[in-house]
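Working notes, structure below.
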Amino acid sequence: LTEWLHNVYKMNNFSSRILWRFGYSARLLKANNFRTAASNTSFPAVWMLLEQYSGTIPGRFGVVKKCSSFTMPETVEDKANLELCSPLPQVRGMTQLNREAFKRTVVVPVLKVKKEIVNTLLKSLKHTVLQRPGLKRVVEDPEDEDSRFVILDPQKIPEFSLGQSEQEVLKQLNVSPEVSKYNLELTYENFKSEEILRAVLPEGQDVTSGFSRVGHIAHLNLRDHQLPYRYLIGQVIIDKNPGLSCVVNKTSIIDSTYRNFEMEVLAGESNLVTKVKENNIAYELDFSKVYWNPRLSTEHGRIVELLKPGDVLFDVFAGIGPFAIPAAKKKCRVFANDLNPESYSWLLHNCKLNKVDNQIKAFNMDGRDFLLGPVREELSKELPLLKEDQKTAFHIVMNLPALAIEFLDAFRHLLVGEPCSTAALPTVHCYGFSKHDNPAKDIQQRAEASLGTSLDGRCSTYLVRNVAPNKEMLCISFQVPPEVLYKRPCP
């Protein structure tokens with residue numbers, strides 16, 4: 001196994017992630033001491049991690065998938081931990097949340113300790129004491145007000161007896177090593193959201209406890225088998241996430257025209273007007289009428305980082321302003337457009353909210369009309385005036401991944417006259433989805449088809465995020481070639 005993992009480590013560096021889980025440093029791995037590290041890792045532990053990741057590992061790791069039936073025998077530790085993490089079986093199939101049904105009592109090991117040395121004991125036995133969030137580690141002794149019960153981790157004390165090292169610690173503290181049994185009552189509040197949902201949904205089906213947070217709103221994309229439990233799921237998410245007061249589920253695909261979608265409120269209030277903060281800038285929006293994706297925060301920041309004060313930004317599909325407003329804050333001149341009247345309205349609102357309304361010219365137009373109108377007009381006016389030593393850059397952002405590439409043909413002969421200097425040519429950042437095996441090549445070829453020219457050596461592609469299995473969102477950036485942008489006048 002060690003030899004095999006070593007070969008795989010050289011192939012795709014996956015094994016470093018396995019060893020990282022066991023606390024081995026990157027320096028150890030880079031020093032090519034993988035053999036030593038793997039040899040020091042227990043075989044069952046490595047094997048279980050391989051089994052966990054087998055569905056996502058390319059190449060030779062397909063062999064592991066054949067052994068997916070491999071299981072470690074159930075131990076006393078597993079059973080004790082299962083009781084602490086799992087509600088009672090009778091909650092299976094519940095569709096209306098009944099918090100009382102999650103009460104259960106488990107037997108846990110405890111030490112009886114004088115209350116004045118409790119803190120000292122907790123520090124001395126910190127690896128043996130129960131560490132589960134939400135559960136008290138120290139409870140009162142109903143029969144002795146001067147004593148406390150310190151709850152121990154059932155996984156570490158499987159047979160209700162302490163090991164030699166723990167007994168030595170207790171001897172120094174003059175504490176009896178006798179471990180007692182304590183009936184610990186668990187309630188709905190003691191279980192995590194994924195534990196509750198895993199207990200409720202049909203066995204064997206995947207559990208989705210993840211969501212996008214938009215201000216006070218949690219946005220879910222539930223699968224068909226989860227829909228009968230959607231109201232329960234919504235309430236659990238509100239209960240377990242402070243600050244959330246509304247949970248919605250997307251009920252339709254995103255409309256490519258206005259980039260919004262139908263949604264159903266699953267739990268909480270029906271107020272979908274919310275406030276968000278991204279990259280230290282505040283925005284307000286009606287989530288039911290405009291597009292907002294918190295997963296694009298890094299991408300918004302990446303593009304704005306490319307801009308310099310004095311640059312010009314044309315935002316063709318601006319939404320409520322996540323590119324436009326931070327660019328204006330950076331002292332750029334901004335022309336922002338969106339076809340959706342609601343997005344346009346909230347764009348104006350957020351410009352005023354962030355005190356950049358004097359630096360942004362906003363438009364409510366179709367993206368193609370915006371390119372052929374305000375963008376053409378501004379470039380025709382600005383580019384001929386640029387001198388060789390001027391460093392003003394023009395950037396055009398086209399963030400409508402479902403359709404943006406189809407708009408690139410608007411750049412064909414957008415301007416008339418002799419080409420300006422290459423440095424002044426506008427840079428386009430165009431977004432698109434791809435399900436291709438080679439998404440970067442796919443995006444480039446589609447962009448070239450729209451522009452009518454090759455971009456080889458003249459573009460870069462950036463993987464923004466994985467949208468769905470086998471579906472990537474990418475950004476292709478390039479300066480518009482002069483032979484595309486300019487139409488030379490007839491002599």
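Each chain of the structure tokens is named A, B, ... in the order shown, its residues numbered from 1; ligands are numbered from 1 in display order.
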
DSSP strand (DSSP E) residues within stretch 55-201 of chain A, as a list of chain:residue names: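 Secondary structure check on stretch 55-201 of chain A, strand (DSSP E): A:Arg104, A:Thr105, A:Val106, A:Val107, A:Val108, A:Pro109, A:Val110, A:Leu111, A:Lys112, A:Val113, A:Lys114, A:Val138, A:Val139, A:Glu140, A:Ser147, A:Arg148, A:Phe149, A:Val150, A:Ile151, A:Ser180, A:Lys181, A:Tyr182, A:Asn183, A:Leu184, A:Glu185, A:Leu186.
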
Selection near A:Met94, 7 Å with only C-alpha atoms, sequence-local residues under 3 positions removed, as a ChimeraX atom specification: /A:91,97,200

For all heavy atoms, I'd like the residues from the last selection saved as a compact mmCIF listing (two decimals), in the first residue's frame.
```
# COMPACT_ATOMS: atom_id res chain seq x y z
N VAL A 91 -37.95 9.18 14.38
CA VAL A 91 -38.14 10.45 13.66
C VAL A 91 -38.03 10.25 12.15
O VAL A 91 -38.32 11.18 11.38
CB VAL A 91 -37.11 11.51 14.11
CG1 VAL A 91 -37.25 11.77 15.61
CG2 VAL A 91 -35.68 11.11 13.76
N LEU A 97 -41.97 19.32 11.57
CA LEU A 97 -40.99 19.27 12.65
C LEU A 97 -41.65 19.16 14.02
O LEU A 97 -42.47 19.99 14.40
CB LEU A 97 -40.11 20.52 12.60
CG LEU A 97 -38.99 20.60 13.64
CD1 LEU A 97 -38.02 19.43 13.48
CD2 LEU A 97 -38.24 21.92 13.52
N VAL A 200 -34.01 12.10 9.64
CA VAL A 200 -35.39 12.27 9.17
C VAL A 200 -35.58 11.74 7.75
O VAL A 200 -36.54 11.03 7.46
CB VAL A 200 -35.79 13.76 9.23
CG1 VAL A 200 -37.10 14.00 8.50
CG2 VAL A 200 -35.90 14.21 10.68
```

Residue nearest A:Ser434 - candidates A:Leu451, A:Ala410, A:Val175, A:Leu474, atoms counted: only C-alpha atoms: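 Between A:Leu451, A:Ala410, A:Val175, A:Leu474, the residue approaching A:Ser434 most closely is A:Leu474.
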
For A:Glu145, please output as a PyMOL selection string all residues within 12 Å (counting only C-alpha atoms; exclusion window: fewer than 3 positions along the same chain). chain A and resi 112-116+139-142+148-149

Looking at A:Phe411, A:Tyr229, A:Phe370, A:Tyr462, which one is nearest to A:Glu483, with distances taken over only C-alpha atoms?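 Ranking A:Phe411, A:Tyr229, A:Phe370, A:Tyr462 by distance to A:Glu483, first place goes to A:Phe411.
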
Just want the 10 Å neighbourhood of A:Asn174, counted on only C-alpha atoms, with same-chain residues fewer than 4 positions away dropped. Output as a PDB file with N, CA, C and O atoms, in the first residue's frame.
```
ATOM      1  N   VAL A 113     -15.999  14.878  40.944  1.00  0.00           N
ATOM      2  CA  VAL A 113     -14.861  15.727  41.293  1.00  0.00           C
ATOM      3  C   VAL A 113     -15.331  16.857  42.196  1.00  0.00           C
ATOM      4  O   VAL A 113     -16.448  17.373  42.037  1.00  0.00           O
ATOM      5  N   ILE A 117     -11.672  21.885  41.963  1.00  0.00           N
ATOM      6  CA  ILE A 117     -10.588  21.431  41.090  1.00  0.00           C
ATOM      7  C   ILE A 117     -11.095  21.060  39.695  1.00  0.00           C
ATOM      8  O   ILE A 117     -10.359  20.451  38.906  1.00  0.00           O
ATOM      9  N   GLU A 168      -2.961   8.164  36.393  1.00  0.00           N
ATOM     10  CA  GLU A 168      -1.827   8.865  36.990  1.00  0.00           C
ATOM     11  C   GLU A 168      -2.172  10.336  37.235  1.00  0.00           C
ATOM     12  O   GLU A 168      -1.822  10.924  38.264  1.00  0.00           O
ATOM     13  N   VAL A 169      -2.887  10.940  36.268  1.00  0.00           N
ATOM     14  CA  VAL A 169      -3.295  12.337  36.411  1.00  0.00           C
ATOM     15  C   VAL A 169      -4.228  12.490  37.605  1.00  0.00           C
ATOM     16  O   VAL A 169      -4.082  13.408  38.429  1.00  0.00           O
ATOM     17  N   LEU A 170      -5.206  11.584  37.712  1.00  0.00           N
ATOM     18  CA  LEU A 170      -6.158  11.659  38.815  1.00  0.00           C
ATOM     19  C   LEU A 170      -5.488  11.432  40.166  1.00  0.00           C
ATOM     20  O   LEU A 170      -5.872  12.045  41.169  1.00  0.00           O
TER      21      LEU A 170
END
```

Nearest to A:Leu408 by atom-to-atom distance, counting only C-alpha atoms, from A:Ile238, A:Leu125, A:Ile281, A:Ala449: A:Ala449

Atom CA of A:Glu378 to atom CA of A:Val428, distance in Å rounded to a single decimal: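 Computing it gives 15.4 Å between the two atoms.
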
Between atom CA of A:Leu84 and atom CA of A:Gln131 - distance in Å to one decimal: 11.4 Å

If you run DSSP on the backbone, which residues of stretch 291-411 of chain A are alpha helix (DSSP H), as a PyMOL selection string? chain A and resi 297-306+324-329+341-353+367-370+376-382

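Taking only C-alpha atoms into account, A:Asn241 lies nearest to A:His216 out of the set A:His216, A:Arg223, A:Lys471, A:Arg376.
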
Rank A:Gly134, A:Gly367, A:Gly432, A:Gly210 by their smallest atom-to-atom distance to A:Thr187, using only C-alpha atoms, and report the top residue only.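 Of A:Gly134, A:Gly367, A:Gly432, A:Gly210, the one nearest A:Thr187, counting only C-alpha atoms, is A:Gly134.
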
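Taking atom CA of A:Lys250 and atom CA of A:Met263 as the two end points, the separation is 4.5 Å.
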